[in-house]
file my_file.pdb (PDB, C-alpha atoms, pLDDT in the B column)
MODEL        1
ATOM      1  CA  MET A   6    -154.994 -71.358 -57.168  1.00 63.00           C
ATOM      2  CA  SER A   7    -154.784 -68.959 -54.247  1.00 89.00           C
ATOM      3  CA  TYR A   8    -152.851 -71.112 -51.789  1.00 94.00           C
ATOM      4  CA  ILE A   9    -149.390 -72.610 -51.796  1.00 97.00           C
ATOM      5  CA  GLN A  10    -147.231 -74.322 -49.196  1.00 97.00           C
ATOM      6  CA  ILE A  11    -143.496 -73.777 -49.209  1.00 98.00           C
ATOM      7  CA  GLU A  12    -140.605 -74.416 -46.880  1.00 98.00           C
ATOM      8  CA  ILE A  13    -139.483 -71.036 -45.614  1.00 98.00           C
ATOM      9  CA  GLY A  14    -137.826 -69.991 -42.397  1.00 96.00           C
ATOM     10  CA  GLY A  15    -137.006 -73.633 -41.719  1.00 95.00           C
ATOM     11  CA  LYS A  16    -140.667 -74.721 -41.697  1.00 96.00           C
ATOM     12  CA  LEU A  17    -143.414 -75.733 -44.082  1.00 97.00           C
ATOM     13  CA  ARG A  18    -145.759 -72.737 -44.205  1.00 97.00           C
ATOM     14  CA  GLY A  19    -148.867 -71.797 -46.121  1.00 97.00           C
ATOM     15  CA  LEU A  20    -149.320 -68.662 -48.190  1.00 98.00           C
ATOM     16  CA  LYS A  21    -152.877 -67.555 -48.927  1.00 97.00           C
ATOM     17  CA  PHE A  22    -153.540 -64.976 -51.624  1.00 95.00           C
ATOM     18  CA  ASN A  23    -156.858 -63.226 -51.024  1.00 93.00           C
ATOM     19  CA  GLN A  24    -158.088 -59.659 -50.526  1.00 91.00           C
ATOM     20  CA  TYR A  25    -156.259 -59.429 -47.196  1.00 94.00           C
ATOM     21  CA  ALA A  26    -153.014 -60.445 -48.913  1.00 94.00           C
ATOM     22  CA  SER A  27    -153.565 -57.841 -51.641  1.00 89.00           C
ATOM     23  CA  ILE A  28    -153.879 -55.089 -49.054  1.00 91.00           C
ATOM     24  CA  LYS A  29    -150.755 -56.279 -47.204  1.00 94.00           C
ATOM     25  CA  PHE A  30    -148.895 -56.574 -50.513  1.00 91.00           C
ATOM     26  CA  TYR A  31    -149.531 -52.964 -51.505  1.00 87.00           C
ATOM     27  CA  LYS A  32    -148.554 -51.735 -48.043  1.00 93.00           C
ATOM     28  CA  HIS A  33    -145.147 -53.422 -48.363  1.00 94.00           C
ATOM     29  CA  VAL A  34    -144.231 -53.238 -52.050  1.00 89.00           C
ATOM     30  CA  ASP A  35    -142.077 -50.329 -53.228  1.00 89.00           C
ATOM     31  CA  LEU A  36    -143.823 -49.124 -56.377  1.00 82.00           C
ATOM     32  CA  LYS A  37    -140.706 -47.171 -57.376  1.00 87.00           C
ATOM     33  CA  ASP A  38    -138.688 -50.400 -57.316  1.00 88.00           C
ATOM     34  CA  TYR A  39    -141.408 -52.967 -57.959  1.00 83.00           C
ATOM     35  CA  ASP A  40    -139.194 -55.667 -59.470  1.00 86.00           C
ATOM     36  CA  ALA A  41    -136.826 -55.752 -56.509  1.00 90.00           C
ATOM     37  CA  SER A  42    -139.456 -55.488 -53.774  1.00 91.00           C
ATOM     38  CA  SER A  43    -142.446 -57.430 -55.082  1.00 91.00           C
ATOM     39  CA  ILE A  44    -141.376 -60.940 -54.074  1.00 95.00           C
ATOM     40  CA  TYR A  45    -140.670 -59.825 -50.504  1.00 97.00           C
ATOM     41  CA  ALA A  46    -144.063 -58.130 -50.276  1.00 95.00           C
ATOM     42  CA  MET A  47    -145.779 -61.098 -51.955  1.00 94.00           C
ATOM     43  CA  VAL A  48    -144.413 -63.692 -49.539  1.00 97.00           C
ATOM     44  CA  TYR A  49    -145.023 -61.511 -46.482  1.00 97.00           C
ATOM     45  CA  ALA A  50    -148.594 -60.850 -47.610  1.00 96.00           C
ATOM     46  CA  GLY A  51    -149.283 -64.525 -48.303  1.00 97.00           C
ATOM     47  CA  LEU A  52    -147.958 -65.607 -44.913  1.00 98.00           C
ATOM     48  CA  ALA A  53    -149.904 -62.888 -43.091  1.00 98.00           C
ATOM     49  CA  ALA A  54    -153.136 -63.682 -44.949  1.00 97.00           C
ATOM     50  CA  ASN A  55    -152.795 -67.377 -44.237  1.00 97.00           C
ATOM     51  CA  SER A  56    -152.415 -66.665 -40.513  1.00 97.00           C
ATOM     52  CA  TYR A  57    -155.374 -64.279 -40.642  1.00 97.00           C
ATOM     53  CA  VAL A  58    -157.678 -66.758 -42.395  1.00 96.00           C
ATOM     54  CA  LYS A  59    -156.729 -69.540 -39.994  1.00 96.00           C
ATOM     55  CA  ARG A  60    -157.124 -67.162 -37.034  1.00 97.00           C
ATOM     56  CA  GLU A  61    -153.597 -67.939 -35.894  1.00 95.00           C
ATOM     57  CA  GLU A  62    -151.092 -65.543 -34.411  1.00 94.00           C
ATOM     58  CA  PHE A  63    -148.609 -64.307 -37.019  1.00 96.00           C
ATOM     59  CA  VAL A  64    -145.616 -65.707 -35.156  1.00 95.00           C
ATOM     60  CA  ASP A  65    -142.672 -68.017 -35.689  1.00 94.00           C
ATOM     61  CA  LYS A  66    -142.886 -70.846 -33.162  1.00 90.00           C
ATOM     62  CA  ASP A  67    -139.744 -72.550 -31.907  1.00 87.00           C
ATOM     63  CA  GLY A  68    -140.695 -74.884 -29.089  1.00 88.00           C
ATOM     64  CA  ASP A  69    -142.276 -72.718 -26.398  1.00 90.00           C
ATOM     65  CA  LYS A  70    -140.814 -69.545 -27.863  1.00 93.00           C
ATOM     66  CA  GLU A  71    -142.979 -67.390 -30.151  1.00 94.00           C
ATOM     67  CA  THR A  72    -141.479 -64.532 -32.133  1.00 95.00           C
ATOM     68  CA  PRO A  73    -143.697 -62.152 -34.127  1.00 96.00           C
ATOM     69  CA  ILE A  74    -142.956 -62.512 -37.828  1.00 97.00           C
ATOM     70  CA  THR A  75    -141.605 -59.249 -39.186  1.00 97.00           C
ATOM     71  CA  PHE A  76    -141.165 -58.025 -42.724  1.00 97.00           C
ATOM     72  CA  GLU A  77    -137.401 -58.074 -42.162  1.00 97.00           C
ATOM     73  CA  MET A  78    -137.533 -61.758 -41.138  1.00 97.00           C
ATOM     74  CA  VAL A  79    -139.501 -62.641 -44.252  1.00 98.00           C
ATOM     75  CA  CYS A  80    -137.036 -60.743 -46.466  1.00 98.00           C
ATOM     76  CA  ASP A  81    -134.188 -62.772 -44.980  1.00 98.00           C
ATOM     77  CA  TRP A  82    -136.145 -65.995 -45.552  1.00 98.00           C
ATOM     78  CA  VAL A  83    -136.993 -65.058 -49.147  1.00 98.00           C
ATOM     79  CA  ASP A  84    -133.333 -64.452 -49.939  1.00 97.00           C
ATOM     80  CA  LYS A  85    -132.708 -68.150 -49.194  1.00 98.00           C
ATOM     81  CA  LEU A  86    -135.484 -69.478 -51.491  1.00 97.00           C
ATOM     82  CA  THR A  87    -134.666 -71.197 -54.753  1.00 97.00           C
ATOM     83  CA  ASP A  88    -135.726 -69.648 -58.055  1.00 96.00           C
ATOM     84  CA  GLU A  89    -138.225 -72.489 -58.519  1.00 97.00           C
ATOM     85  CA  VAL A  90    -139.976 -71.683 -55.246  1.00 97.00           C
ATOM     86  CA  VAL A  91    -140.045 -67.954 -56.026  1.00 96.00           C
ATOM     87  CA  ILE A  92    -141.605 -68.684 -59.427  1.00 95.00           C
ATOM     88  CA  ALA A  93    -144.222 -70.975 -57.837  1.00 95.00           C
ATOM     89  CA  VAL A  94    -145.153 -68.304 -55.261  1.00 95.00           C
ATOM     90  CA  ALA A  95    -145.409 -65.612 -57.937  1.00 92.00           C
ATOM     91  CA  GLY A  96    -147.593 -67.938 -60.017  1.00 92.00           C
ATOM     92  CA  ALA A  97    -149.964 -68.573 -57.120  1.00 93.00           C
ATOM     93  CA  PHE A  98    -150.211 -64.844 -56.437  1.00 90.00           C
ATOM     94  CA  THR A  99    -150.825 -63.788 -60.037  1.00 87.00           C
ATOM     95  CA  GLU A 100    -153.402 -66.542 -60.571  1.00 88.00           C
ATOM     96  CA  SER A 101    -155.472 -65.512 -57.543  1.00 85.00           C
ATOM     97  CA  GLU A 102    -158.822 -63.827 -58.088  1.00 81.00           C
ATOM     98  CA  SER A 103    -157.814 -60.984 -55.807  1.00 76.00           C
ATOM     99  CA  PHE A 104    -154.786 -60.166 -57.959  1.00 72.00           C
ATOM    100  CA  LYS A 105    -156.869 -60.353 -61.138  1.00 76.00           C
ATOM    101  CA  LYS A 106    -159.296 -57.804 -59.660  1.00 75.00           C
ATOM    102  CA  ILE A 107    -156.408 -55.502 -58.815  1.00 69.00           C
ATOM    103  CA  ILE A 108    -155.133 -55.708 -62.382  1.00 68.00           C
ATOM    104  CA  LYS A 109    -158.575 -54.827 -63.763  1.00 71.00           C
ATOM    105  CA  GLU A 110    -158.868 -51.865 -61.385  1.00 69.00           C
ATOM    106  CA  SER A 111    -155.344 -50.715 -62.268  1.00 65.00           C
ATOM    107  CA  GLU A 112    -156.220 -50.837 -65.962  1.00 72.00           C
ATOM    108  CA  LYS A 113    -159.342 -48.732 -65.336  1.00 70.00           C
ATOM    109  CA  ILE A 114    -157.352 -46.161 -63.395  1.00 69.00           C
ATOM    110  CA  ALA A 115    -154.668 -46.070 -66.097  1.00 65.00           C
ATOM    111  CA  ASP A 116    -157.348 -45.568 -68.776  1.00 70.00           C
ATOM    112  CA  GLN A 117    -158.928 -42.747 -66.752  1.00 71.00           C
ATOM    113  CA  GLU A 118    -155.538 -41.053 -66.299  1.00 68.00           C
ATOM    114  CA  LEU A 119    -154.806 -41.384 -70.012  1.00 67.00           C
ATOM    115  CA  THR A 120    -158.200 -39.901 -70.874  1.00 73.00           C
ATOM    116  CA  LYS A 121    -157.604 -36.974 -68.476  1.00 68.00           C
ATOM    117  CA  LYS A 122    -154.168 -36.406 -69.982  1.00 64.00           C
ATOM    118  CA  ASN A 123    -155.564 -36.460 -73.531  1.00 66.00           C
ATOM    119  CA  LEU A 124    -158.334 -34.028 -72.555  1.00 60.00           C
ATOM    120  CA  THR A 125    -155.784 -31.683 -70.992  1.00 58.00           C
ATOM    121  CA  ILE A 126    -153.586 -31.819 -74.063  1.00 57.00           C
ATOM    122  CA  SER A 127    -156.599 -31.243 -76.334  1.00 53.00           C
ATOM    123  CA  SER A 128    -157.851 -28.293 -74.306  1.00 53.00           C
ATOM    124  CA  GLU A 129    -154.386 -26.695 -74.319  1.00 58.00           C
ATOM    125  CA  LYS A 130    -154.463 -26.656 -78.119  1.00 55.00           C
ATOM    126  CA  ILE A 131    -157.654 -24.595 -78.156  1.00 54.00           C
TER     127      ILE A 131
ENDMDL
END

call {"tool": "encode", "arguments": {"input": "my_file.pdb", "output": "structure tokens"}}
result
Amino acid sequence: MSYIQIEIGGKLRGLKFNQYASIKFYKHVDLKDYDASSIYAMVYAGLAANSYVKREEFVDKDGDKETPITFEMVCDWVDKLTDEVVIAVAGAFTESESFKKIIKESEKIADQELTKKNLTISSEKI
């Protein structure tokens, strides 16, 4: 599953989790405070990717008025979501192929860093 529809910001909206969403996610998540920031970044990324895929403007429409959707707006919307909706969004994100690729790449990088660290420690003993 890489798509979910939720009611957010007073409207039913789609969130698409693909490569575009992964890039947006990592631009907006605070890696120093991942737990607190990840859901905001996740929802923003999913909304932005859905608009991108559908070739729609990333705006909130209210009658004739269109307001660009900002990260701050999405954070305010997310704060009003129920725990059940947050869990469903996180599930859709973590089950996406794009996220799975990121995890595999992260594991490779972590293994490389660990190997470098072990080599440095070993060479210091010599």

call {"tool": "resolve_selection", "arguments": {"input": "my_file.pdb", "expression": "the PyMOL selection byres ((chain A and resi 28) around 12)", "output": "NGL selection string"}}
result
:A and (22-27 or 29-34 or 46-47 or 49-51 or 53-54 or 103-104 or 107)

call {"tool": "atom_distance", "arguments": {"input": "my_file.pdb", "atom1": "atom CA of Lys59 of chain A", "atom2": "atom CA of Asp84 of chain A"}}
result
25.9 Å

call {"tool": "residues_around", "arguments": {"input": "my_file.pdb", "residues": "Leu20 of chain A", "least_positions_apart": "4", "cutoff": "6 Å", "atoms": "all atoms listed in the file", "output": "VMD selection string"}}
result
chain A and resid 8 to 9 51 to 52 55

call {"tool": "residues_around", "arguments": {"input": "my_file.pdb", "residues": "Leu17 of chain A", "least_positions_apart": "4", "cutoff": "12 Å", "atoms": "all atoms listed in the file", "output": "ChimeraX atom specification"}}
result
/A:9-13,52,65-66

call {"tool": "residues_around", "arguments": {"input": "my_file.pdb", "residues": "Tyr45 of chain A", "least_positions_apart": "3", "cutoff": "7 Å", "atoms": "only C-alpha atoms", "output": "list in words"}}
result
Ser42, Val48, Tyr49, Val79, Cys80 and Val83 of chain A

call {"tool": "closest_residue", "arguments": {"input": "my_file.pdb", "among": "A:Glu71, A:Ser101, A:Gln117, A:Val94", "to": "Ser43 of chain A", "atoms": "only C-alpha atoms"}}
result
A:Val94

call {"tool": "atom_distance", "arguments": {"input": "my_file.pdb", "atom1": "atom CA of Asp35 of chain A", "atom2": "atom CA of Glu77 of chain A"}}
result
14.3 Å
